[in-house]
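Structure file coords.csv with CSV, C-alpha atoms and all ligand atoms:
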```
chain,number,residue,atom,x,y,z
A,175,MET,CA,0.0,0.0,0.0
A,176,ALA,CA,1.3,3.4,-0.9
A,177,VAL,CA,2.3,6.0,1.8
A,178,PRO,CA,2.1,9.8,1.7
A,179,GLY,CA,5.9,10.1,1.3
A,180,ASP,CA,6.0,8.1,-1.9
A,181,GLU,CA,6.6,9.6,-5.3
A,182,PHE,CA,3.7,9.6,-7.8
A,183,THR,CA,3.7,9.6,-11.6
A,184,PHE,CA,0.6,10.8,-13.6
A,185,PRO,CA,0.0,7.9,-16.0
A,186,ARG,CA,-0.9,9.9,-19.0
A,187,THR,CA,1.8,12.6,-19.0
A,188,GLY,CA,4.5,10.9,-17.0
A,189,ALA,CA,4.8,14.0,-14.7
A,190,THR,CA,6.3,12.9,-11.4
A,191,LEU,CA,5.6,14.3,-7.9
A,192,ARG,CA,8.1,14.1,-5.1
A,193,ASN,CA,5.3,12.9,-2.7
A,194,ARG,CA,1.5,12.5,-2.4
A,195,ALA,CA,0.8,15.9,-0.6
A,196,VAL,CA,-1.2,18.4,-2.6
A,197,LEU,CA,-1.7,21.9,-1.3
A,198,ALA,CA,-5.4,22.3,-2.0
A,199,ALA,CA,-6.7,25.6,-3.5
A,200,MET,CA,-7.2,28.3,-0.9
A,201,THR,CA,-8.6,31.7,-1.5
A,202,ASN,CA,-6.5,34.2,0.5
A,203,LYS,CA,-7.9,37.6,-0.5
A,204,GLN,CA,-4.4,39.0,-1.3
A,205,SER,CA,-4.7,39.7,-5.1
A,206,ASN,CA,-4.9,43.2,-6.4
A,207,PRO,CA,-8.2,44.7,-7.7
A,208,ASP,CA,-7.3,44.1,-11.3
A,209,GLY,CA,-6.8,40.4,-10.5
A,210,THR,CA,-3.0,40.5,-10.6
A,211,LEU,CA,-1.1,38.6,-8.0
A,212,SER,CA,0.4,40.5,-5.1
A,213,ASP,CA,3.9,39.7,-3.7
A,214,ALA,CA,2.1,38.5,-0.5
A,215,GLU,CA,0.1,35.9,-2.5
A,216,ILE,CA,3.1,34.7,-4.4
A,217,ASN,CA,5.2,34.5,-1.2
A,218,TRP,CA,2.6,32.4,0.7
A,219,LEU,CA,2.4,29.8,-2.1
A,220,LEU,CA,6.2,29.7,-2.7
A,221,ARG,CA,6.7,29.1,1.1
A,222,ARG,CA,4.6,26.0,0.7
A,223,ALA,CA,6.5,24.9,-2.4
A,224,GLU,CA,9.7,25.2,-0.4
A,225,GLY,CA,7.8,23.4,2.4
A,226,GLY,CA,7.9,20.2,0.3
A,227,PHE,CA,4.4,19.9,-1.2
A,228,GLY,CA,4.2,17.7,-4.4
A,229,ILE,CA,1.6,20.0,-5.9
A,230,ILE,CA,0.8,23.6,-5.2
A,231,THR,CA,-2.7,24.7,-6.3
A,232,THR,CA,-3.5,28.4,-6.6
A,233,ALA,CA,-6.6,29.9,-5.2
A,234,ALA,CA,-9.7,29.8,-7.3
A,235,SER,CA,-9.1,32.3,-10.1
A,236,HIS,CA,-11.8,33.7,-12.4
A,237,VAL,CA,-11.7,33.2,-16.1
A,238,THR,CA,-13.7,36.4,-17.0
A,239,PRO,CA,-14.1,39.6,-15.1
A,240,GLY,CA,-17.8,38.8,-14.6
A,241,GLY,CA,-17.0,35.6,-12.9
A,242,GLN,CA,-15.3,37.1,-9.9
A,243,GLY,CA,-16.7,35.9,-6.6
A,244,TRP,CA,-15.0,38.1,-4.0
A,245,VAL,CA,-12.6,40.9,-3.3
A,246,GLY,CA,-8.9,40.1,-3.6
A,247,GLU,CA,-9.4,37.2,-6.0
A,248,MET,CA,-6.7,36.3,-8.5
A,249,GLY,CA,-7.7,36.4,-12.2
A,250,VAL,CA,-6.6,34.5,-15.3
A,251,TRP,CA,-8.6,36.5,-17.8
A,252,GLY,CA,-6.1,39.1,-19.0
A,253,ASP,CA,-2.6,39.5,-20.4
A,254,HIS,CA,-1.8,42.1,-17.7
A,255,GLN,CA,-2.0,39.1,-15.2
A,256,MET,CA,0.8,37.2,-17.0
A,257,PRO,CA,3.9,38.6,-15.3
A,258,GLY,CA,2.6,37.6,-11.8
A,259,LEU,CA,1.3,34.2,-13.0
A,260,THR,CA,4.7,33.6,-14.6
A,261,ARG,CA,6.6,34.6,-11.5
A,262,LEU,CA,4.5,32.2,-9.4
A,263,ALA,CA,4.7,29.3,-11.8
A,264,ASP,CA,8.5,29.7,-12.2
A,265,GLY,CA,8.9,29.9,-8.5
A,266,ILE,CA,6.9,26.8,-7.8
A,267,ARG,CA,8.9,24.8,-10.4
A,268,GLU,CA,12.2,26.0,-9.1
A,269,ARG,CA,11.3,24.7,-5.6
A,270,GLY,CA,10.6,21.2,-6.9
A,271,ALA,CA,6.7,21.2,-6.9
A,272,LEU,CA,4.2,21.0,-9.7
A,273,GLY,CA,2.0,24.0,-10.1
A,274,LEU,CA,-1.7,23.9,-10.8
A,275,ALA,CA,-3.9,26.9,-11.4
A,276,GLN,CA,-7.5,26.4,-10.2
A,277,ILE,CA,-9.8,28.1,-12.7
A,278,PHE,CA,-13.5,28.9,-12.2
A,279,HIS,CA,-16.4,31.2,-12.7
A,280,GLY,CA,-18.7,32.2,-9.8
A,281,GLY,CA,-22.0,32.2,-11.7
A,282,MET,CA,-24.8,33.2,-9.3
A,283,ARG,CA,-22.1,33.6,-6.7
A,284,ALA,CA,-20.3,36.4,-8.6
A,285,PRO,CA,-22.1,39.4,-6.9
A,286,GLU,CA,-23.2,42.4,-8.9
A,287,GLU,CA,-21.7,44.9,-6.5
A,288,LEU,CA,-18.3,43.4,-7.4
A,289,THR,CA,-18.7,42.8,-11.2
A,290,GLY,CA,-21.2,45.5,-12.1
A,291,GLU,CA,-23.2,42.8,-13.9
A,292,GLN,CA,-26.2,40.8,-13.0
A,293,PRO,CA,-25.0,37.3,-12.0
A,294,VAL,CA,-25.5,34.5,-14.5
A,295,SER,CA,-26.2,30.8,-14.0
A,296,ALA,CA,-27.6,27.7,-15.7
A,297,SER,CA,-31.1,28.9,-14.8
A,298,GLU,CA,-32.6,31.9,-13.1
A,299,ASN,CA,-31.8,31.4,-9.5
A,300,PRO,CA,-32.8,33.6,-6.6
A,301,CYS,CA,-30.1,33.7,-4.0
A,302,THR,CA,-30.2,35.7,-0.8
A,303,GLU,CA,-27.0,34.5,0.8
A,304,ALA,CA,-24.1,36.8,1.2
A,305,HIS,CA,-21.9,37.1,-2.0
A,306,CYS,CA,-24.7,35.9,-4.2
A,307,GLY,CA,-27.3,37.4,-6.4
A,308,HIS,CA,-30.5,36.8,-8.4
A,309,SER,CA,-29.1,35.2,-11.5
A,310,ARG,CA,-30.4,35.2,-15.0
A,311,GLU,CA,-30.2,32.2,-17.3
A,312,LEU,CA,-27.3,32.1,-19.7
A,313,SER,CA,-28.1,32.0,-23.4
A,314,GLY,CA,-26.6,29.3,-25.6
A,315,GLU,CA,-24.3,31.8,-27.2
A,316,GLU,CA,-23.1,33.0,-23.8
A,317,ILE,CA,-22.4,29.4,-22.7
A,318,GLU,CA,-20.2,28.9,-25.8
A,319,GLY,CA,-18.4,32.2,-24.9
A,320,LEU,CA,-17.7,31.0,-21.4
A,321,ILE,CA,-16.4,27.6,-22.6
A,322,THR,CA,-14.0,29.6,-24.8
A,323,ALA,CA,-13.0,31.8,-21.9
A,324,PHE,CA,-12.0,28.6,-19.9
A,325,GLY,CA,-9.9,27.6,-22.8
A,326,ASP,CA,-8.3,31.1,-23.0
A,327,ALA,CA,-7.5,31.0,-19.3
A,328,ALA,CA,-6.0,27.5,-19.6
A,329,VAL,CA,-3.7,28.7,-22.4
A,330,ARG,CA,-2.7,31.6,-20.3
A,331,CYS,CA,-1.8,29.3,-17.4
A,332,PHE,CA,0.2,27.1,-19.8
A,333,ASP,CA,2.0,30.1,-21.2
A,334,ALA,CA,2.8,31.3,-17.7
A,335,GLY,CA,4.5,28.0,-17.0
A,336,PHE,CA,2.0,26.1,-14.9
A,337,ASP,CA,2.0,22.3,-15.2
A,338,GLY,CA,-1.8,22.1,-15.4
A,339,VAL,CA,-5.2,23.4,-14.4
A,340,GLU,CA,-7.8,22.2,-12.0
A,341,LEU,CA,-11.3,23.0,-13.2
A,342,HIS,CA,-13.3,24.0,-10.1
A,343,GLY,CA,-16.5,22.1,-10.4
A,344,ALA,CA,-17.0,22.1,-6.6
A,345,HIS,CA,-18.5,24.2,-3.8
A,346,GLY,CA,-21.5,25.7,-5.7
A,347,TYR,CA,-19.9,27.9,-8.3
A,348,LEU,CA,-20.9,28.0,-12.0
A,349,ILE,CA,-19.8,24.5,-13.1
A,350,CYS,CA,-21.4,23.1,-10.0
A,351,GLN,CA,-24.6,25.1,-10.7
A,352,PHE,CA,-24.8,23.4,-14.1
A,353,LEU,CA,-24.3,20.0,-12.5
A,354,GLY,CA,-27.0,20.5,-9.8
A,355,GLU,CA,-30.6,19.6,-10.6
A,356,GLY,CA,-31.8,22.4,-8.3
A,357,THR,CA,-29.9,25.2,-10.1
A,358,ASN,CA,-30.0,23.8,-13.6
A,359,ARG,CA,-33.6,23.4,-14.8
A,360,ARG,CA,-32.9,24.1,-18.4
A,361,GLU,CA,-34.9,22.4,-21.0
A,362,ASP,CA,-32.4,22.7,-23.8
A,363,GLU,CA,-29.3,20.6,-24.5
A,364,TRP,CA,-27.5,21.9,-21.3
A,365,GLY,CA,-30.2,20.7,-18.9
A,366,GLY,CA,-31.9,17.4,-18.1
A,367,ASP,CA,-30.3,14.3,-16.5
A,368,ILE,CA,-26.8,14.3,-15.2
A,369,GLY,CA,-25.5,13.3,-18.6
A,370,SER,CA,-26.8,16.6,-20.0
A,371,ARG,CA,-26.1,18.7,-17.0
A,372,ALA,CA,-22.5,17.6,-17.2
A,373,GLY,CA,-22.3,18.9,-20.8
A,374,PHE,CA,-21.0,22.3,-19.8
A,375,LEU,CA,-18.1,20.8,-17.8
A,376,LEU,CA,-17.4,18.2,-20.5
A,377,ARG,CA,-17.3,20.8,-23.2
A,378,ILE,CA,-14.9,22.9,-21.1
A,379,ILE,CA,-12.6,19.9,-20.8
A,380,GLU,CA,-12.7,19.3,-24.5
A,381,GLU,CA,-12.0,22.9,-25.2
A,382,VAL,CA,-9.1,23.1,-22.8
A,383,LYS,CA,-7.5,19.9,-24.0
A,384,SER,CA,-7.8,20.9,-27.6
A,385,ARG,CA,-5.8,24.1,-26.9
A,386,VAL,CA,-3.0,23.1,-24.6
A,387,PRO,CA,-0.1,20.7,-25.3
A,388,ASP,CA,-0.7,17.0,-24.5
A,389,ASP,CA,1.5,17.0,-21.4
A,390,PHE,CA,-0.4,19.8,-19.7
A,391,LEU,CA,-2.4,18.3,-16.8
A,392,VAL,CA,-6.1,18.9,-16.8
A,393,GLY,CA,-8.1,17.8,-13.7
A,394,VAL,CA,-11.4,18.4,-12.1
A,395,ARG,CA,-12.5,19.2,-8.6
A,396,ILE,CA,-16.0,18.2,-7.6
A,397,SER,CA,-18.2,18.3,-4.5
A,398,PRO,CA,-19.4,14.7,-4.3
A,399,GLU,CA,-22.6,16.0,-2.8
A,400,TYR,CA,-23.8,19.6,-2.5
A,401,ARG,CA,-27.4,19.6,-1.4
A,402,LYS,CA,-28.2,23.3,-1.7
A,403,ILE,CA,-27.3,23.2,-5.4
A,404,GLY,CA,-28.8,19.7,-6.0
A,405,VAL,CA,-25.7,17.6,-6.5
A,406,LYS,CA,-26.2,14.1,-5.2
A,407,ILE,CA,-23.6,11.5,-4.7
A,408,GLU,CA,-25.3,9.1,-7.1
A,409,ASP,CA,-25.1,11.7,-9.8
A,410,SER,CA,-21.5,12.4,-8.9
A,411,LEU,CA,-20.6,8.8,-9.4
A,412,VAL,CA,-22.2,8.8,-12.9
A,413,LEU,CA,-20.3,12.0,-13.6
A,414,SER,CA,-17.0,10.5,-12.5
A,415,GLU,CA,-17.4,7.7,-15.1
A,416,MET,CA,-17.9,10.4,-17.7
A,417,LEU,CA,-14.8,12.2,-16.4
A,418,VAL,CA,-12.7,9.1,-16.8
A,419,GLU,CA,-13.9,8.8,-20.4
A,420,SER,CA,-13.1,12.5,-21.0
A,421,GLY,CA,-9.4,11.7,-20.5
A,422,ILE,CA,-8.7,14.1,-17.6
A,423,ASP,CA,-5.6,13.5,-15.5
A,424,PHE,CA,-7.1,13.5,-12.0
A,425,LEU,CA,-10.4,13.7,-10.1
A,426,HIS,CA,-10.3,15.8,-6.9
A,427,ILE,CA,-13.1,15.1,-4.5
A,428,SER,CA,-13.7,17.8,-2.0
A,429,CYS,CA,-15.1,16.0,1.1
A,430,TRP,CA,-14.6,18.7,3.7
A,431,ASP,CA,-14.3,15.7,6.2
A,432,CYS,CA,-12.8,12.5,4.8
A,433,PHE,CA,-13.9,10.7,7.9
A,434,ILE,CA,-17.6,10.8,7.7
A,435,PRO,CA,-19.9,8.9,5.2
A,436,PRO,CA,-22.0,10.8,2.7
A,437,SER,CA,-24.8,12.6,4.4
A,438,ASP,CA,-27.5,10.9,2.3
A,439,PHE,CA,-26.2,7.4,3.3
A,440,PRO,CA,-25.2,7.8,7.0
A,441,ASP,CA,-25.7,4.1,7.6
A,442,ASP,CA,-23.3,3.0,4.9
A,443,SER,CA,-20.0,2.7,6.7
A,444,ARG,CA,-17.9,3.6,3.6
A,445,MET,CA,-16.3,7.0,3.6
A,446,ILE,CA,-16.9,9.3,0.6
A,447,THR,CA,-13.4,8.5,-0.8
A,448,GLU,CA,-14.2,4.8,-0.8
A,449,TRP,CA,-17.4,5.4,-2.8
A,450,PHE,CA,-15.3,6.8,-5.6
A,451,ALA,CA,-12.1,4.7,-5.2
A,452,GLU,CA,-14.0,1.4,-5.4
A,453,PRO,CA,-15.2,1.9,-9.0
A,454,LEU,CA,-12.3,4.2,-10.1
A,455,SER,CA,-9.2,2.9,-8.5
A,456,GLY,CA,-6.4,2.4,-11.1
A,457,ARG,CA,-8.5,4.1,-13.8
A,458,ILE,CA,-7.9,7.7,-12.8
A,459,PRO,CA,-5.7,9.3,-10.1
A,460,ILE,CA,-7.9,10.5,-7.1
A,461,ILE,CA,-7.1,13.4,-4.9
A,462,SER,CA,-9.2,13.5,-1.7
A,463,THR,CA,-9.3,16.5,0.7
A,464,GLY,CA,-10.9,17.3,4.0
A,465,ALA,CA,-9.9,17.3,7.7
A,466,ILE,CA,-6.4,15.7,7.1
A,467,TRP,CA,-4.2,17.2,9.8
A,468,ASP,CA,-1.5,14.6,10.7
A,469,SER,CA,0.3,11.7,9.0
A,470,SER,CA,-2.0,9.0,10.3
A,471,GLU,CA,-5.0,10.8,8.8
A,472,ALA,CA,-3.2,11.2,5.5
A,473,GLN,CA,-2.4,7.5,5.5
A,474,ALA,CA,-6.0,6.7,6.4
A,475,VAL,CA,-7.3,8.6,3.4
A,476,MET,CA,-4.7,6.8,1.1
A,477,ASP,CA,-5.9,3.5,2.6
A,478,GLN,CA,-9.5,4.6,1.7
A,479,GLY,CA,-8.2,4.6,-1.9
A,480,ALA,CA,-6.9,8.2,-2.6
A,481,ASP,CA,-3.7,8.3,-4.7
A,482,LEU,CA,-3.0,11.9,-3.5
A,483,ILE,CA,-4.1,13.7,-0.4
A,484,GLY,CA,-5.2,17.3,-0.4
A,485,VAL,CA,-4.2,19.5,2.6
A,486,ALA,CA,-5.6,23.0,3.2
A,487,ARG,CA,-5.8,24.3,6.8
A,488,ALA,CA,-2.9,22.3,8.0
A,489,GLY,CA,-0.8,23.8,5.2
A,490,ILE,CA,-1.7,27.3,6.4
A,491,GLY,CA,-0.6,26.5,9.9
A,492,HIS,CA,2.5,24.7,8.8
A,493,ALA,CA,4.3,25.8,5.7
A,494,ASP,CA,6.6,22.8,5.8
A,495,TRP,CA,3.9,20.2,6.4
A,496,ALA,CA,4.8,18.1,3.4
A,497,THR,CA,8.5,17.7,4.4
A,498,HIS,CA,7.1,15.5,7.2
A,499,ALA,CA,5.1,13.4,4.7
A,500,SER,CA,7.3,10.4,5.3
A,501,ASN,CA,7.2,10.5,9.0
A,502,PRO,CA,4.3,8.3,10.2
A,503,ASP,CA,4.3,10.0,13.6
A,504,TYR,CA,4.1,13.6,12.4
A,505,SER,CA,1.3,15.4,14.4
A,506,PRO,CA,1.7,19.1,14.1
A,507,ALA,CA,-0.1,21.7,16.4
A,508,ARG,CA,-3.7,22.3,15.6
A,509,PRO,CA,-5.6,25.6,15.7
A,510,PRO,CA,-6.0,28.1,17.2
A,511,PHE,CA,-2.9,29.8,16.0
A,512,THR,CA,-1.6,33.2,17.1
A,513,PRO,CA,-1.3,35.9,14.5
A,514,LYS,CA,2.4,35.9,15.2
A,515,HIS,CA,2.7,32.2,14.3
A,516,LEU,CA,0.7,32.7,11.1
A,517,ALA,CA,2.9,35.7,10.1
A,518,GLU,CA,5.9,33.5,10.6
A,519,GLN,CA,4.3,30.9,8.3
A,520,GLY,CA,4.2,33.5,5.5
A,521,LEU,CA,0.7,34.9,5.9
A,522,SER,CA,0.1,38.7,5.4
A,523,LYS,CA,-2.2,40.7,7.7
A,524,PRO,CA,-5.2,40.6,5.3
A,525,PHE,CA,-4.9,36.8,5.0
A,526,ILE,CA,-4.7,36.4,8.8
A,527,GLU,CA,-7.8,38.6,9.2
A,528,TYR,CA,-9.6,36.5,6.6
A,529,MET,CA,-8.8,33.4,8.5
A,530,ARG,CA,-10.7,34.8,11.4
A,531,ASN,CA,-13.8,33.8,9.4
A,532,TRP,CA,-12.8,30.2,9.9
A,533,LYS,CA,-14.1,29.5,13.4
A,534,GLY,CA,-11.4,28.8,16.0
A,535,PHE,CA,-8.5,29.1,13.5
A,536,VAL,CA,-6.9,32.4,14.7
A,537,GLU,CA,-6.4,33.0,18.4
A,601,LIG,C1,-9.0,29.8,3.6
A,601,LIG,C2,-9.6,28.8,2.7
A,601,LIG,C3,-9.9,29.1,1.4
A,601,LIG,C4,-10.4,28.2,0.5
A,601,LIG,N1,-10.5,28.5,-0.8
A,601,LIG,C5,-10.8,27.5,-1.7
A,601,LIG,C6,-10.7,27.8,-3.1
A,601,LIG,O1,-10.3,28.9,-3.6
A,601,LIG,N2,-11.0,26.7,-3.9
A,601,LIG,C7,-11.4,25.5,-3.5
A,601,LIG,O2,-11.7,24.6,-4.3
A,601,LIG,N3,-11.5,25.3,-2.2
A,601,LIG,C8,-11.1,26.2,-1.3
A,601,LIG,N4,-11.1,25.9,0.1
A,601,LIG,C9,-11.4,24.5,0.5
A,601,LIG,C10,-10.1,23.8,0.7
A,601,LIG,O3,-9.4,23.5,-0.5
A,601,LIG,C11,-10.3,22.4,1.4
A,601,LIG,O4,-11.1,21.6,0.6
A,601,LIG,C12,-11.0,22.5,2.8
A,601,LIG,O5,-10.5,23.5,3.5
A,601,LIG,C13,-11.0,21.2,3.5
A,601,LIG,O6,-9.6,20.8,3.7
A,601,LIG,P1,-8.8,21.0,5.1
A,601,LIG,O7,-9.6,20.3,6.1
A,601,LIG,O8,-7.5,20.4,4.8
A,601,LIG,O9,-8.8,22.5,5.4
A,601,LIG,C14,-10.7,26.9,1.0
A,601,LIG,C15,-10.4,26.6,2.3
A,601,LIG,C16,-9.9,27.5,3.2
A,601,LIG,C17,-9.6,27.1,4.6
```

With the file now loaded, output its structure as structure tokens.
Amino acid sequence: MAVPGDEFTFPRTGATLRNRAVLAAMTNKQSNPDGTLSDAEINWLLRRAEGGFGIITTAASHVTPGGQGWVGEMGVWGDHQMPGLTRLADGIRERGALGLAQIFHGGMRAPEELTGEQPVSASENPCTEAHCGHSRELSGEEIEGLITAFGDAAVRCFDAGFDGVELHGAHGYLICQFLGEGTNRREDEWGGDIGSRAGFLLRIIEEVKSRVPDDFLVGVRISPEYRKIGVKIEDSLVLSEMLVESGIDFLHISCWDCFIPPSDFPDDSRMITEWFAEPLSGRIPIISTGAIWDSSEAQAVMDQGADLIGVARAGIGHADWATHASNPDYSPARPPFTPKHLAEQGLSKPFIEYMRNWKGFVE
């Protein structure tokens, strides 16, 4: 059985990772208003590349100005963003990690006060939550335009020197809104059963793959279940089969907590990762993320069938988390952390303030 300190090679491209630890995408609110990367954002990620992670994933970054979900978000929609993207991608590679840019569009969760435009989605969806808006339904022509925008963004990431992109289909943003039966009630080719609701994502994959070189990694992150938007685990399993067929390089399942079973099947003792690993193992690399803090938890998720383990909050608290991947007894301090500790770990003041939104994280 593999262990977190083992190397890993992506079967299709042959790209090799020094270990199984993936720094999962984390929004950190440090980008400039025009979507360019700040020194603080580059620094926080390069510290984690130095800290031994096999993969460094950027924060979610919007592919069109209208897709921006929050203030301080990095963008991959304009050539003015290229110098910062290039500096980040080069720095990640120089430190021995692979760099992935996570690309997305907020859809109904790209608020008008930020973008100046009414939010768009698969269907008209009222939304009263913070950072959300009453969306209008996208036209077929606009959907085609967004698919092209994802392709443009991926080409930009390639040109900047990233090793690949992670298409953000999780957490209720536009791709997820297309996947969910609650938010996608379209009666045209883009709506219907999961096969049709997946059409937007599958077309994005096709577009991206047709425009980047063959050895550029293309993966997808999904929420295995997201009740508010109407994504069910049964549909996600069907979707994952379609994703294997599409030829992507990895499937990243965002579990939030890898140690609880799916909420619709609390009596089934299998954890979410196992639901996916059982049918997919050996057919597509699986990354699983959620509540991994120490080496024994990382090993447990690999034993559930994940090829790679995603680490988010532990990687904020401990920049060098991944250098301990081979030590089965590694058990780093858990939150709350003092602002001083977080500053020492390479977080700027705005990022530390943002982390106060995560209950119990900052002392
Ligand atoms: C500060 C913060 C920002 C996040 N931003 C993103 C993001 O931009 N994209 C994404 O897919 N997930 C995002 N997540 C979710 C994480 O990638 C991860 O799935 C989640 O935190 C659970 O993993 P953990 O228990 O290791 O923290 C974020 C999480 C945190 C804590």

Checklist line | Atomic distance atom CA of A:Phe511 - atom CA of A:Gly489, expressed in Å with one decimal | finding: 12.5 Å

Note to self: Hey, which residues sit close to ligand LIG 601 (chain A)? Say within 8 Å, counting all atoms listed in the file, and write them as a ChimeraX atom specification.
What the structure shows: /A:197-202,232-235,276,342,344-345,395,428-431,463-467,484-489,528-529,532

Checklist line | A:Ile427, A:Val250, A:Ala496, A:Ile434 ranked by distance to A:Ala271, top pick (using all atoms listed in the file) | finding: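 Nearest candidate to A:Ala271 out of A:Ile427, A:Val250, A:Ala496, A:Ile434: A:Ala496.
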
Next item on the list: Provide the atom CA of A:Glu247 to atom CA of A:Thr231 distance in Å, to one decimal place.
Entry: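 It comes out at 14.2 Å.
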
Check: Which protein, DNA or RNA residues are at most 12 Å from (4.8, 36.3, -11.0) in the file's coordinates when you count only C-alpha atoms, listed as a PyMOL selection string?
Finding: chain A and resi 205+210-217+219-220+248+254-266+331+334-336

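Using all atoms listed in the file, the shortest contact distance between A:Ala472 and any of A:Arg192, A:Arg221, A:His498, A:His308 is found at A:His498.
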
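Those residues that approach A:Gly280 to within 8 Å, counting all atoms listed in the file, are His236, Gly241, Gln242, Gly243, Phe278, Met282, Arg283, Ala284, Tyr347 and Leu348 of chain A; same-chain residues fewer than 2 positions away are not listed.
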
Checklist line | One-decimal distance in Å that lies between atom CA of A:Glu340 and atom CA of A:Thr190 | finding: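 A separation of 16.9 Å between them.
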
Notebook entry, point to check: Of the residues A:Thr187, A:Ser469, A:Gln478, A:Asn501, which is the one nearest to A:Gly421, using only C-alpha atoms?
Noted result: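 Of all the options, A:Thr187 lies closest to A:Gly421.
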
Checklist line | Residue nearest A:Arg222 - candidates A:Arg371, A:Arg269, A:Arg377, A:Arg194, atoms counted: only C-alpha atoms | finding: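 Using only C-alpha atoms, A:Arg222 sits closest to A:Arg269.
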
Check: Closest to A:Ile378 among A:Gly319, A:Pro440, A:Gly281, A:Gly325, using only C-alpha atoms?
Finding: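 So, comparing all the options, the nearest one is A:Gly325.
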
Item checked: Counting all atoms listed in the file, the option among A:Gly354, A:Gly270, A:Gly290, A:His426 closest to A:Gly307 -> A:Gly290

Note to self: List as number ranges by chain the protein and nucleic acid residues near A:Met476, meaning an atom at most 8 Å away when all atoms listed in the file are counted, but skip any in the same chain fewer than 6 places from it.
What the structure shows: A: 176-178, 482-483

Which residues, written as a CSV table (one decimal) with C-alpha atoms, keeping the file's coordinate frame, have at least one atom at most 10 Å from A:Leu411, with only C-alpha atoms counted and residues fewer than 2 positions away on the same chain left out?
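Saved file selection.csv follows:
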```
chain,number,residue,atom,x,y,z
A,398,PRO,CA,-19.4,14.7,-4.3
A,399,GLU,CA,-22.6,16.0,-2.8
A,406,LYS,CA,-26.2,14.1,-5.2
A,407,ILE,CA,-23.6,11.5,-4.7
A,408,GLU,CA,-25.3,9.1,-7.1
A,409,ASP,CA,-25.1,11.7,-9.8
A,413,LEU,CA,-20.3,12.0,-13.6
A,414,SER,CA,-17.0,10.5,-12.5
A,415,GLU,CA,-17.4,7.7,-15.1
A,416,MET,CA,-17.9,10.4,-17.7
A,417,LEU,CA,-14.8,12.2,-16.4
A,449,TRP,CA,-17.4,5.4,-2.8
A,450,PHE,CA,-15.3,6.8,-5.6
A,453,PRO,CA,-15.2,1.9,-9.0
A,454,LEU,CA,-12.3,4.2,-10.1
```
